[in-house]
Amino acid sequence: MATVTWRMADGSEITADVINGNTLMESALDNDVPRIFGDCGGSLACATCHVVVDDAWIDKCGSPGEEENDLLEMTDAPRQPNSRLSCQIVVSEDLDGLVVNVPEP
Ligand code: FES
């Protein structure tokens, strides 16, 4: 288990214990996080799982791969330096305490 916080544009937050091995997108759907849709089921085809990783966590979350990097140009909300597609982040103990922002278009 790892505790993850999704921070909305209005400042509200959803914090939940999530299962290791699930993606951050799946964890968001499990916890009814607004604006995370995961339309393609995590197959890097939709960009509806966009999050912006908090500065303190960007090293642990890593950088997007080439395909993810290309798809990040198609997000509804403008891409930011810490943007990631949350279907490509797998939850582990290392991410316990993770904070991500959910951007609005
Ligand atoms: S769920 Fe479709 S790209 Fe992440």
# chains A, B, ... in the order shown; residues from 1 in each chain; ligands from 1

call {"tool": "residues_around", "arguments": {"residues": "region 68-85 of chain A", "least_positions_apart": "4", "cutoff": "9 Å", "atoms": "only C-alpha atoms", "output": "list in words"}}
result
Leu24, Met25, Gly42, Leu44, Ala45, Cys46, Ala47, Thr48, Cys49, His50, Val51, Val52, Val53, Asp54, Asp55, Ile58, Cys61, Ser63, Pro64, Ile89, Pro103, Glu104 and Pro105 of chain A

call {"tool": "select_by_dssp", "arguments": {"residues": "chain A", "states": "strand (DSSP E or B)", "output": "list in words"}}
result
Ala2, Thr3, Val4, Thr5, Trp6, Arg7, Met8, Glu13, Ile14, Thr15, Ala16, Asp17, Val18, Thr23, His50, Val51, Val52, Val53, Ser83, Arg84, Leu85, Val90, Leu98, Val99, Val100, Asn101 and Val102 of chain A

call {"tool": "atom_distance", "arguments": {"atom1": "CA of Cys87 (chain A)", "atom2": "CA of Asp30 (chain A)"}}
result
13.0 Å

call {"tool": "select_by_dssp", "arguments": {"residues": "region 1-92 of chain A", "states": "helix (DSSP H, G or I)", "output": "ChimeraX atom specification"}}
result
/A:24-30,55-61,66-74,86-88

call {"tool": "write_last_selection", "arguments": {"atoms": "C-alpha atoms", "output": "PDB file, in the first residue's frame"}}
result
ATOM      1  CA  LEU A  24      -1.902   5.625 -10.687  1.00  0.00           C
ATOM      2  CA  MET A  25      -4.689   5.909 -13.287  1.00  0.00           C
ATOM      3  CA  GLU A  26      -6.405   2.737 -11.986  1.00  0.00           C
ATOM      4  CA  SER A  27      -6.015   4.032  -8.451  1.00  0.00           C
ATOM      5  CA  ALA A  28      -7.629   7.339  -9.433  1.00  0.00           C
ATOM      6  CA  LEU A  29     -10.621   5.535 -10.962  1.00  0.00           C
ATOM      7  CA  ASP A  30     -10.941   3.356  -7.842  1.00  0.00           C
ATOM      8  CA  ASP A  55       8.010  18.865  -7.644  1.00  0.00           C
ATOM      9  CA  ALA A  56       9.079  16.842  -4.597  1.00  0.00           C
ATOM     10  CA  TRP A  57       8.140  13.583  -6.337  1.00  0.00           C
ATOM     11  CA  ILE A  58       9.306  14.018  -9.896  1.00  0.00           C
ATOM     12  CA  ASP A  59      12.574  12.112  -9.388  1.00  0.00           C
ATOM     13  CA  LYS A  60      10.793   9.081  -7.953  1.00  0.00           C
ATOM     14  CA  CYS A  61       8.144   9.100 -10.678  1.00  0.00           C
ATOM     15  CA  GLU A  66       9.032   8.240 -25.917  1.00  0.00           C
ATOM     16  CA  GLU A  67       5.420   7.203 -26.653  1.00  0.00           C
ATOM     17  CA  GLU A  68       4.134   8.850 -23.491  1.00  0.00           C
ATOM     18  CA  ASN A  69       6.115  11.958 -24.329  1.00  0.00           C
ATOM     19  CA  ASP A  70       4.422  12.204 -27.736  1.00  0.00           C
ATOM     20  CA  LEU A  71       0.939  11.659 -26.284  1.00  0.00           C
ATOM     21  CA  LEU A  72       1.497  14.330 -23.657  1.00  0.00           C
ATOM     22  CA  GLU A  73       1.184  16.840 -26.499  1.00  0.00           C
ATOM     23  CA  MET A  74      -2.505  15.855 -26.821  1.00  0.00           C
ATOM     24  CA  SER A  86      -0.822   8.394 -14.809  1.00  0.00           C
ATOM     25  CA  CYS A  87      -1.423   5.057 -16.535  1.00  0.00           C
ATOM     26  CA  GLN A  88       2.345   4.866 -16.909  1.00  0.00           C
TER      27      GLN A  88
END

call {"tool": "residues_around", "arguments": {"residues": "Asn20 (chain A)", "least_positions_apart": "3", "cutoff": "6 Å", "atoms": "only C-alpha atoms", "output": "number ranges by chain"}}
result
A: 1, 91-92

call {"tool": "write_last_selection", "arguments": {"atoms": "N, CA, C and O atoms", "output": "PDB file, in the first residue's frame"}}
result
ATOM      1  N   MET A   1       0.831  -1.203   0.000  1.00  0.00           N
ATOM      2  CA  MET A   1       0.000   0.000   0.000  1.00  0.00           C
ATOM      3  C   MET A   1       0.870   1.260   0.000  1.00  0.00           C
ATOM      4  O   MET A   1       1.935   1.287   0.595  1.00  0.00           O
ATOM      5  N   VAL A  91       2.223   2.158  -8.961  1.00  0.00           N
ATOM      6  CA  VAL A  91       2.335   2.455  -7.536  1.00  0.00           C
ATOM      7  C   VAL A  91       3.215   1.410  -6.840  1.00  0.00           C
ATOM      8  O   VAL A  91       3.108   0.211  -7.100  1.00  0.00           O
ATOM      9  N   SER A  92       4.092   1.901  -5.972  1.00  0.00           N
ATOM     10  CA  SER A  92       4.932   1.023  -5.144  1.00  0.00           C
ATOM     11  C   SER A  92       5.173   1.717  -3.815  1.00  0.00           C
ATOM     12  O   SER A  92       4.818   2.890  -3.648  1.00  0.00           O
TER      13      SER A  92
END

call {"tool": "atom_distance", "arguments": {"atom1": "CA of Ala9 (chain A)", "atom2": "CA of Asp96 (chain A)"}}
result
22.0 Å
